[in-house]
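Engineer: I'm passing along protein21.pdb; it holds PDB, C-alpha atoms, pLDDT in the B column.
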```pdb
ATOM      1  CA  MET A   1      89.228  87.881 126.380  1.00 52.00           C
ATOM      2  CA  LEU A   2      91.185  85.290 124.388  1.00 55.00           C
ATOM      3  CA  LYS A   3      94.112  85.772 126.725  1.00 61.00           C
ATOM      4  CA  LYS A   4      91.890  85.008 129.747  1.00 64.00           C
ATOM      5  CA  MET A   5      90.484  81.923 128.019  1.00 60.00           C
ATOM      6  CA  GLY A   6      93.988  80.754 127.218  1.00 68.00           C
ATOM      7  CA  GLU A   7      95.018  81.248 130.831  1.00 76.00           C
ATOM      8  CA  ALA A   8      92.011  79.259 132.023  1.00 74.00           C
ATOM      9  CA  VAL A   9      92.764  76.389 129.627  1.00 79.00           C
ATOM     10  CA  ALA A  10      96.409  76.374 130.698  1.00 82.00           C
ATOM     11  CA  ARG A  11      95.364  76.303 134.342  1.00 85.00           C
ATOM     12  CA  VAL A  12      93.089  73.299 133.782  1.00 88.00           C
ATOM     13  CA  ALA A  13      95.820  71.487 131.839  1.00 87.00           C
ATOM     14  CA  ARG A  14      98.345  72.182 134.594  1.00 89.00           C
ATOM     15  CA  LYS A  15      96.033  70.877 137.303  1.00 89.00           C
ATOM     16  CA  VAL A  16      95.176  67.730 135.338  1.00 91.00           C
ATOM     17  CA  ASN A  17      98.853  67.048 134.624  1.00 86.00           C
ATOM     18  CA  GLU A  18      99.699  67.496 138.312  1.00 89.00           C
ATOM     19  CA  THR A  19      97.102  64.858 139.199  1.00 90.00           C
ATOM     20  CA  VAL A  20      98.457  62.389 136.621  1.00 86.00           C
ATOM     21  CA  GLU A  21     102.149  62.954 137.354  1.00 88.00           C
ATOM     22  CA  SER A  22     101.837  62.854 141.136  1.00 89.00           C
ATOM     23  CA  GLY A  23      99.481  59.868 141.173  1.00 87.00           C
ATOM     24  CA  SER A  24      97.211  61.948 143.389  1.00 92.00           C
ATOM     25  CA  ASP A  25      93.745  60.756 144.328  1.00 96.00           C
ATOM     26  CA  THR A  26      92.448  64.329 143.943  1.00 96.00           C
ATOM     27  CA  LEU A  27      91.463  66.362 140.898  1.00 96.00           C
ATOM     28  CA  ASP A  28      90.946  70.012 141.822  1.00 96.00           C
ATOM     29  CA  LEU A  29      89.428  72.119 139.053  1.00 96.00           C
ATOM     30  CA  ALA A  30      87.791  74.696 141.323  1.00 96.00           C
ATOM     31  CA  GLU A  31      87.487  78.248 140.043  1.00 94.00           C
ATOM     32  CA  CYS A  32      88.558  77.417 136.480  1.00 93.00           C
ATOM     33  CA  LYS A  33      85.573  79.107 134.783  1.00 91.00           C
ATOM     34  CA  LEU A  34      84.396  75.751 133.385  1.00 94.00           C
ATOM     35  CA  VAL A  35      80.979  75.684 131.723  1.00 94.00           C
ATOM     36  CA  SER A  36      81.273  71.922 131.191  1.00 95.00           C
ATOM     37  CA  PHE A  37      83.688  69.157 132.116  1.00 95.00           C
ATOM     38  CA  PRO A  38      86.320  69.160 129.339  1.00 91.00           C
ATOM     39  CA  ILE A  39      86.070  66.011 127.189  1.00 91.00           C
ATOM     40  CA  GLY A  40      89.838  65.910 126.661  1.00 89.00           C
ATOM     41  CA  ILE A  41      90.357  65.279 130.369  1.00 92.00           C
ATOM     42  CA  TYR A  42      88.839  61.815 130.035  1.00 93.00           C
ATOM     43  CA  LYS A  43      91.658  60.784 127.684  1.00 91.00           C
ATOM     44  CA  VAL A  44      94.411  62.302 129.808  1.00 90.00           C
ATOM     45  CA  LEU A  45      93.101  60.621 132.957  1.00 91.00           C
ATOM     46  CA  ARG A  46      92.021  57.298 131.434  1.00 90.00           C
ATOM     47  CA  ASN A  47      94.764  55.314 133.210  1.00 90.00           C
ATOM     48  CA  VAL A  48      94.183  56.889 136.628  1.00 92.00           C
ATOM     49  CA  THR A  49      90.395  57.357 136.908  1.00 93.00           C
ATOM     50  CA  ASP A  50      90.039  54.458 139.356  1.00 94.00           C
ATOM     51  CA  GLN A  51      92.474  56.049 141.798  1.00 95.00           C
ATOM     52  CA  ILE A  52      90.728  59.432 141.841  1.00 96.00           C
ATOM     53  CA  HIS A  53      88.656  59.636 145.011  1.00 98.00           C
ATOM     54  CA  LEU A  54      88.001  63.371 145.270  1.00 98.00           C
ATOM     55  CA  ILE A  55      86.993  65.815 142.543  1.00 98.00           C
ATOM     56  CA  THR A  56      86.450  69.499 143.171  1.00 98.00           C
ATOM     57  CA  LEU A  57      84.627  71.487 140.506  1.00 98.00           C
ATOM     58  CA  ALA A  58      83.518  74.225 142.891  1.00 98.00           C
ATOM     59  CA  ASN A  59      82.857  77.798 141.843  1.00 98.00           C
ATOM     60  CA  ASN A  60      82.744  77.245 138.118  1.00 97.00           C
ATOM     61  CA  GLU A  61      79.857  77.863 135.719  1.00 96.00           C
ATOM     62  CA  LEU A  62      78.650  74.283 135.256  1.00 97.00           C
ATOM     63  CA  LYS A  63      75.023  73.883 134.242  1.00 97.00           C
ATOM     64  CA  SER A  64      75.123  70.079 134.064  1.00 96.00           C
ATOM     65  CA  LEU A  65      77.295  67.013 134.353  1.00 96.00           C
ATOM     66  CA  THR A  66      77.165  64.162 131.879  1.00 96.00           C
ATOM     67  CA  SER A  67      76.493  60.499 132.492  1.00 96.00           C
ATOM     68  CA  LYS A  68      80.035  59.852 131.203  1.00 96.00           C
ATOM     69  CA  PHE A  69      81.451  61.907 134.087  1.00 97.00           C
ATOM     70  CA  MET A  70      79.599  59.764 136.616  1.00 96.00           C
ATOM     71  CA  THR A  71      80.515  56.426 135.070  1.00 95.00           C
ATOM     72  CA  THR A  72      84.154  57.377 134.418  1.00 96.00           C
ATOM     73  CA  PHE A  73      84.878  58.410 137.994  1.00 96.00           C
ATOM     74  CA  SER A  74      83.020  55.522 139.643  1.00 95.00           C
ATOM     75  CA  GLN A  75      85.484  55.267 142.556  1.00 97.00           C
ATOM     76  CA  LEU A  76      84.779  58.771 143.883  1.00 98.00           C
ATOM     77  CA  ARG A  77      84.466  59.202 147.653  1.00 98.00           C
ATOM     78  CA  GLU A  78      83.925  62.996 147.584  1.00 98.00           C
ATOM     79  CA  LEU A  79      82.439  65.295 144.958  1.00 98.00           C
ATOM     80  CA  HIS A  80      82.477  69.069 145.456  1.00 98.00           C
ATOM     81  CA  LEU A  81      80.190  70.919 143.043  1.00 98.00           C
ATOM     82  CA  GLU A  82      79.264  73.951 145.130  1.00 98.00           C
ATOM     83  CA  GLY A  83      78.850  77.365 143.545  1.00 98.00           C
ATOM     84  CA  ASN A  84      77.743  76.323 140.055  1.00 98.00           C
ATOM     85  CA  PHE A  85      74.465  76.511 138.118  1.00 98.00           C
ATOM     86  CA  LEU A  86      73.413  72.865 138.441  1.00 98.00           C
ATOM     87  CA  HIS A  87      69.704  72.104 138.691  1.00 98.00           C
ATOM     88  CA  ARG A  88      69.727  68.312 138.290  1.00 97.00           C
ATOM     89  CA  LEU A  89      72.062  65.320 138.329  1.00 97.00           C
ATOM     90  CA  PRO A  90      72.248  62.542 135.749  1.00 97.00           C
ATOM     91  CA  ASN A  91      70.687  59.212 136.749  1.00 96.00           C
ATOM     92  CA  GLU A  92      74.124  57.644 136.385  1.00 97.00           C
ATOM     93  CA  ILE A  93      75.132  59.221 139.675  1.00 97.00           C
ATOM     94  CA  SER A  94      73.847  55.916 141.042  1.00 96.00           C
ATOM     95  CA  SER A  95      77.099  54.372 139.744  1.00 96.00           C
ATOM     96  CA  LEU A  96      79.013  56.246 142.484  1.00 98.00           C
ATOM     97  CA  GLN A  97      78.572  53.431 144.988  1.00 98.00           C
ATOM     98  CA  HIS A  98      81.555  54.567 147.132  1.00 98.00           C
ATOM     99  CA  LEU A  99      80.556  58.239 147.359  1.00 98.00           C
ATOM    100  CA  LYS A 100      80.531  59.451 150.977  1.00 98.00           C
ATOM    101  CA  THR A 101      80.209  63.238 150.560  1.00 98.00           C
ATOM    102  CA  ILE A 102      78.562  65.442 147.959  1.00 98.00           C
ATOM    103  CA  ASP A 103      78.476  69.225 148.141  1.00 98.00           C
ATOM    104  CA  LEU A 104      75.835  70.793 145.915  1.00 98.00           C
ATOM    105  CA  SER A 105      75.460  74.016 147.871  1.00 98.00           C
ATOM    106  CA  ARG A 106      74.895  77.318 146.084  1.00 98.00           C
ATOM    107  CA  ASN A 107      73.438  75.797 142.911  1.00 98.00           C
ATOM    108  CA  GLN A 108      69.996  76.003 141.274  1.00 98.00           C
ATOM    109  CA  PHE A 109      68.248  72.842 142.526  1.00 98.00           C
ATOM    110  CA  GLN A 110      64.490  73.256 142.870  1.00 97.00           C
ATOM    111  CA  ASP A 111      63.904  69.545 143.413  1.00 97.00           C
ATOM    112  CA  PHE A 112      65.842  67.382 145.826  1.00 98.00           C
ATOM    113  CA  PRO A 113      68.071  65.098 143.681  1.00 98.00           C
ATOM    114  CA  GLU A 114      66.421  61.824 144.688  1.00 97.00           C
ATOM    115  CA  GLN A 115      69.055  59.729 142.879  1.00 97.00           C
ATOM    116  CA  LEU A 116      71.270  60.459 145.889  1.00 98.00           C
ATOM    117  CA  THR A 117      69.014  58.272 148.047  1.00 98.00           C
ATOM    118  CA  THR A 118      70.249  55.189 146.133  1.00 97.00           C
ATOM    119  CA  LEU A 119      73.884  55.639 147.201  1.00 98.00           C
ATOM    120  CA  PRO A 120      74.659  53.178 150.015  1.00 98.00           C
ATOM    121  CA  ALA A 121      77.864  54.811 151.320  1.00 98.00           C
ATOM    122  CA  LEU A 122      76.624  58.422 151.250  1.00 98.00           C
ATOM    123  CA  GLU A 123      77.144  60.088 154.633  1.00 98.00           C
ATOM    124  CA  THR A 124      76.893  63.808 153.900  1.00 98.00           C
ATOM    125  CA  ILE A 125      74.681  65.758 151.486  1.00 98.00           C
ATOM    126  CA  ASN A 126      75.099  69.532 151.340  1.00 98.00           C
ATOM    127  CA  LEU A 127      72.326  71.340 149.462  1.00 98.00           C
ATOM    128  CA  GLU A 128      72.580  74.653 151.301  1.00 97.00           C
ATOM    129  CA  GLU A 129      71.397  77.736 149.386  1.00 97.00           C
ATOM    130  CA  ASN A 130      69.331  76.111 146.678  1.00 98.00           C
ATOM    131  CA  LYS A 131      65.605  76.473 145.977  1.00 97.00           C
ATOM    132  CA  ILE A 132      64.363  73.168 147.382  1.00 97.00           C
ATOM    133  CA  VAL A 133      60.847  73.083 148.832  1.00 95.00           C
ATOM    134  CA  ASP A 134      60.209  69.361 149.333  1.00 94.00           C
ATOM    135  CA  VAL A 135      62.473  66.563 150.574  1.00 94.00           C
ATOM    136  CA  PRO A 136      61.999  62.767 150.251  1.00 94.00           C
ATOM    137  CA  VAL A 137      62.181  62.246 154.023  1.00 92.00           C
ATOM    138  CA  GLU A 138      61.212  58.551 153.943  1.00 92.00           C
ATOM    139  CA  LYS A 139      63.883  57.720 151.339  1.00 95.00           C
ATOM    140  CA  LEU A 140      66.524  59.666 153.259  1.00 95.00           C
ATOM    141  CA  ALA A 141      65.519  57.904 156.486  1.00 92.00           C
ATOM    142  CA  ALA A 142      66.179  54.552 154.782  1.00 94.00           C
ATOM    143  CA  MET A 143      69.761  55.445 153.804  1.00 96.00           C
ATOM    144  CA  PRO A 144      72.068  53.282 155.936  1.00 95.00           C
ATOM    145  CA  ALA A 145      75.155  55.522 156.161  1.00 97.00           C
ATOM    146  CA  LEU A 146      73.587  58.997 156.058  1.00 97.00           C
ATOM    147  CA  ARG A 147      74.722  61.274 158.900  1.00 95.00           C
ATOM    148  CA  THR A 148      74.032  64.840 157.725  1.00 96.00           C
ATOM    149  CA  VAL A 149      71.817  66.624 155.219  1.00 95.00           C
ATOM    150  CA  ASN A 150      72.368  70.380 155.063  1.00 96.00           C
ATOM    151  CA  LEU A 151      69.301  72.184 153.730  1.00 95.00           C
ATOM    152  CA  ARG A 152      69.962  75.609 155.231  1.00 95.00           C
ATOM    153  CA  PHE A 153      68.687  78.570 153.219  1.00 95.00           C
ATOM    154  CA  ASN A 154      66.197  76.560 151.161  1.00 95.00           C
ATOM    155  CA  PRO A 155      62.487  77.502 151.107  1.00 94.00           C
ATOM    156  CA  LEU A 156      61.451  74.174 152.685  1.00 92.00           C
ATOM    157  CA  ASN A 157      57.745  73.641 153.170  1.00 90.00           C
ATOM    158  CA  ALA A 158      56.421  73.441 156.715  1.00 87.00           C
ATOM    159  CA  GLU A 159      55.459  69.784 156.244  1.00 86.00           C
ATOM    160  CA  VAL A 160      59.104  68.753 155.864  1.00 85.00           C
ATOM    161  CA  ARG A 161      59.996  70.576 159.078  1.00 78.00           C
ATOM    162  CA  VAL A 162      57.242  68.739 161.000  1.00 80.00           C
ATOM    163  CA  ILE A 163      57.424  65.271 159.428  1.00 76.00           C
ATOM    164  CA  ALA A 164      61.188  64.841 159.301  1.00 80.00           C
ATOM    165  CA  PRO A 165      62.341  64.974 162.938  1.00 78.00           C
ATOM    166  CA  PRO A 166      60.580  61.840 164.233  1.00 76.00           C
ATOM    167  CA  LEU A 167      61.523  59.791 161.139  1.00 77.00           C
ATOM    168  CA  ILE A 168      65.204  60.530 160.732  1.00 82.00           C
ATOM    169  CA  LYS A 169      68.300  59.236 162.480  1.00 83.00           C
ATOM    170  CA  PHE A 170      70.671  61.779 160.903  1.00 88.00           C
ATOM    171  CA  ASP A 171      71.218  65.506 161.391  1.00 88.00           C
ATOM    172  CA  MET A 172      69.033  67.598 159.103  1.00 87.00           C
ATOM    173  CA  LEU A 173      70.294  71.163 159.161  1.00 87.00           C
ATOM    174  CA  THR A 174      67.708  73.794 158.263  1.00 89.00           C
ATOM    175  CA  SER A 175      67.361  77.550 158.686  1.00 87.00           C
ATOM    176  CA  PRO A 176      64.551  79.027 160.727  1.00 83.00           C
ATOM    177  CA  GLU A 177      61.444  79.402 158.614  1.00 75.00           C
ATOM    178  CA  GLY A 178      61.531  82.495 156.408  1.00 68.00           C
ATOM    179  CA  VAL A 179      65.263  83.158 156.815  1.00 68.00           C
ATOM    180  CA  ARG A 180      67.026  83.924 153.544  1.00 72.00           C
ATOM    181  CA  ALA A 181      70.637  83.376 152.599  1.00 73.00           C
ATOM    182  CA  PRO A 182      72.960  86.347 152.994  1.00 70.00           C
ATOM    183  CA  PRO A 183      73.832  88.077 149.705  1.00 69.00           C
ATOM    184  CA  PRO A 184      77.019  86.753 148.023  1.00 67.00           C
TER     185      PRO A 184
END
```
For this file, produce the structure as structure tokens.
Structural biologist:
Amino acid sequence: MLKKMGEAVARVARKVNETVESGSDTLDLAECKLVSFPIGIYKVLRNVTDQIHLITLANNELKSLTSKFMTTFSQLRELHLEGNFLHRLPNEISSLQHLKTIDLSRNQFQDFPEQLTTLPALETINLEENKIVDVPVEKLAAMPALRTVNLRFNPLNAEVRVIAPPLIKFDMLTSPEGVRAPPP
């Protein structure tokens, strides 16, 4: 087990160093078995955080993200958090004023993360395969840049399905009522 942990730590370190050394705008820490965002990464990336526009933390074991994560990477355009155990977002996500795409599919959200409705540049929200029943349709309808909200395989209430279509100017993707997600 220690050997696997050591390999995972080495993999994270390698990926972070690649981002710093190449001056890349992408930090890809997908499938690194992370249960939280490593604090040491903030120090290593402190001189390049403003140039990072895409972070992928997909398919880890994250249960939450801190406010420090949101405020440190304030220039993000894309954030991929699919396949984790997230059930809420910190309020500081509102500091991501340039965020265009967020992927929160295959997580544990029971409530729609309404903080997302405050992001002026947000174009795409993916919440596929969560446990969301209700959606703030009016707030979503007021978002100026929003183009797509993916809510497939969520147990949406019938009201959302009826109320949303006449109010929205974006694509709201849903599954037929009663359809469940395929097993992983």
Engineer: Can you measure atom CA of A:His53 to atom CA of A:Asn154 for me? One decimal in Å is fine.
Structural biologist: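 Value for the atom CA of A:His53-atom CA of A:Asn154 distance: 28.8 Å.
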Engineer: Output the residue selection produced by the PyMOL selection byres ((chain A and resi 148) around 6) on the file above, formatted as a ChimeraX atom specification.
Structural biologist: /A:124,147,149,170-172
Engineer: For A:Glu123, which residue among A:Gln108, A:Ala58, A:Asp28, A:Leu99 is the nearest when counting all atoms listed in the file?
Structural biologist: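 That would be A:Leu99, the residue with the smallest distance to A:Glu123.
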Engineer: Excluding A:Thr19 and residues on its chain fewer than 2 positions from it, collect all residues at most 12 Å away from it, counting all atoms listed in the file, and give them as a PyMOL selection string.
Structural biologist: chain A and resi 12-17+21-29+41+44-49+51-55
Engineer: I need the residues from that last selection saved to file as a PDB file, in the coordinates of the input (with C-alpha atoms), if you can.
Structural biologist:
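For reference, part33.pdb as written:
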```
ATOM      1  CA  VAL A  12      93.089  73.299 133.782  1.00 88.00           C
ATOM      2  CA  ALA A  13      95.820  71.487 131.839  1.00 87.00           C
ATOM      3  CA  ARG A  14      98.345  72.182 134.594  1.00 89.00           C
ATOM      4  CA  LYS A  15      96.033  70.877 137.303  1.00 89.00           C
ATOM      5  CA  VAL A  16      95.176  67.730 135.338  1.00 91.00           C
ATOM      6  CA  ASN A  17      98.853  67.048 134.624  1.00 86.00           C
ATOM      7  CA  GLU A  21     102.149  62.954 137.354  1.00 88.00           C
ATOM      8  CA  SER A  22     101.837  62.854 141.136  1.00 89.00           C
ATOM      9  CA  GLY A  23      99.481  59.868 141.173  1.00 87.00           C
ATOM     10  CA  SER A  24      97.211  61.948 143.389  1.00 92.00           C
ATOM     11  CA  ASP A  25      93.745  60.756 144.328  1.00 96.00           C
ATOM     12  CA  THR A  26      92.448  64.329 143.943  1.00 96.00           C
ATOM     13  CA  LEU A  27      91.463  66.362 140.898  1.00 96.00           C
ATOM     14  CA  ASP A  28      90.946  70.012 141.822  1.00 96.00           C
ATOM     15  CA  LEU A  29      89.428  72.119 139.053  1.00 96.00           C
ATOM     16  CA  ILE A  41      90.357  65.279 130.369  1.00 92.00           C
ATOM     17  CA  VAL A  44      94.411  62.302 129.808  1.00 90.00           C
ATOM     18  CA  LEU A  45      93.101  60.621 132.957  1.00 91.00           C
ATOM     19  CA  ARG A  46      92.021  57.298 131.434  1.00 90.00           C
ATOM     20  CA  ASN A  47      94.764  55.314 133.210  1.00 90.00           C
ATOM     21  CA  VAL A  48      94.183  56.889 136.628  1.00 92.00           C
ATOM     22  CA  THR A  49      90.395  57.357 136.908  1.00 93.00           C
ATOM     23  CA  GLN A  51      92.474  56.049 141.798  1.00 95.00           C
ATOM     24  CA  ILE A  52      90.728  59.432 141.841  1.00 96.00           C
ATOM     25  CA  HIS A  53      88.656  59.636 145.011  1.00 98.00           C
ATOM     26  CA  LEU A  54      88.001  63.371 145.270  1.00 98.00           C
ATOM     27  CA  ILE A  55      86.993  65.815 142.543  1.00 98.00           C
TER      28      ILE A  55
END
```
Engineer: Provide the atom CA of A:Thr71 to atom CA of A:Asp134 distance in Å, to one decimal place.
Structural biologist: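 Result for atom CA of A:Thr71 versus atom CA of A:Asp134: 28.0 Å, one decimal.
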Engineer: Skipping near chain neighbours, those fewer than 5 positions away, what residues fall within 9 Å of A:Ile93 using only C-alpha atoms, listed as a list of chain:residue names?
Structural biologist: A:Ser67, A:Phe69, A:Met70, A:Thr71, A:Ser74, A:Gln115, A:Leu116, A:Leu119
Engineer: The PyMOL selection byres ((chain A and resi 33) around 6) - which residues does that actually catch in the file I just gave you? List them as an MDAnalysis selection string.
Structural biologist: chainID A and resid 31:32 34 60:61
Engineer: Would you compute the distance between atom CA of A:Met143 and atom CA of A:Ile102? Give it in Å to one decimal.
Structural biologist: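 One can read the atom CA of A:Met143 to atom CA of A:Ile102 distance as 14.5 Å.
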Engineer: With distances taken over all atoms listed in the file, which residue among A:Lys63, A:Arg11, A:Arg77, A:Arg152 lies nearest A:Pro90?
Structural biologist: A:Lys63
Engineer: For A:Pro166, list every protein, DNA or RNA residue within 12 Å, evaluated using all atoms listed in the file, and leave out those in the same chain fewer than 5 positions away; present the list as a list of chain:residue names.
Structural biologist: A:Val137, A:Glu138, A:Ala141, A:Val160, A:Arg161, A:Asp171, A:Met172
Engineer: For A:His80, which of A:Gln110, A:Thr117, A:Asn59, A:Ser95 is the closest residue, counting only C-alpha atoms?
Structural biologist: A:Asn59
Engineer: Hey, what's within 9 Å of A:Thr118 if we count only C-alpha atoms and toss same-chain stuff fewer than 6 positions away? As a list in words, please?
Structural biologist: Ser94, Gln97, Lys139 and Met143 of chain A
Engineer: Might you spell out which residues the PyMOL selection byres ((chain A and resi 132) around 7) would select in the displayed file, as a VMD selection string?
Structural biologist: chain A and resid 109 to 112 130 to 131 133 to 134 154 to 156
Engineer: Pick the closest to A:Asn84 from A:Ala10, A:Glu129, A:His98, A:Arg106: which is it, counting all atoms listed in the file?
Structural biologist: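 Closest to A:Asn84 of all the choices is A:Arg106.
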Engineer: Set the distance at 12 Å and use all atoms listed in the file: which residues neighbour A:Phe153 once local chain neighbours fewer than 5 positions away are removed? I'd like the list as a list of chain:residue names.
Structural biologist: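 Everything that qualifies: A:Ser105, A:Arg106, A:Asn107, A:Asn126, A:Leu127, A:Glu128, A:Glu129, A:Asn130, A:Lys131, A:Ile132, A:Val133, A:Leu173, A:Thr174, A:Ser175, A:Pro176, A:Glu177, A:Gly178, A:Val179, A:Arg180, A:Ala181, A:Pro182, A:Pro183.
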Engineer: Smallest atom-to-atom distance to A:Leu96: which of A:Gly40, A:Pro165, A:Pro136, A:Pro120, using all atoms listed in the file?
Structural biologist: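 Looking only at the distances to A:Leu96, the closest residue turns out to be A:Pro120.
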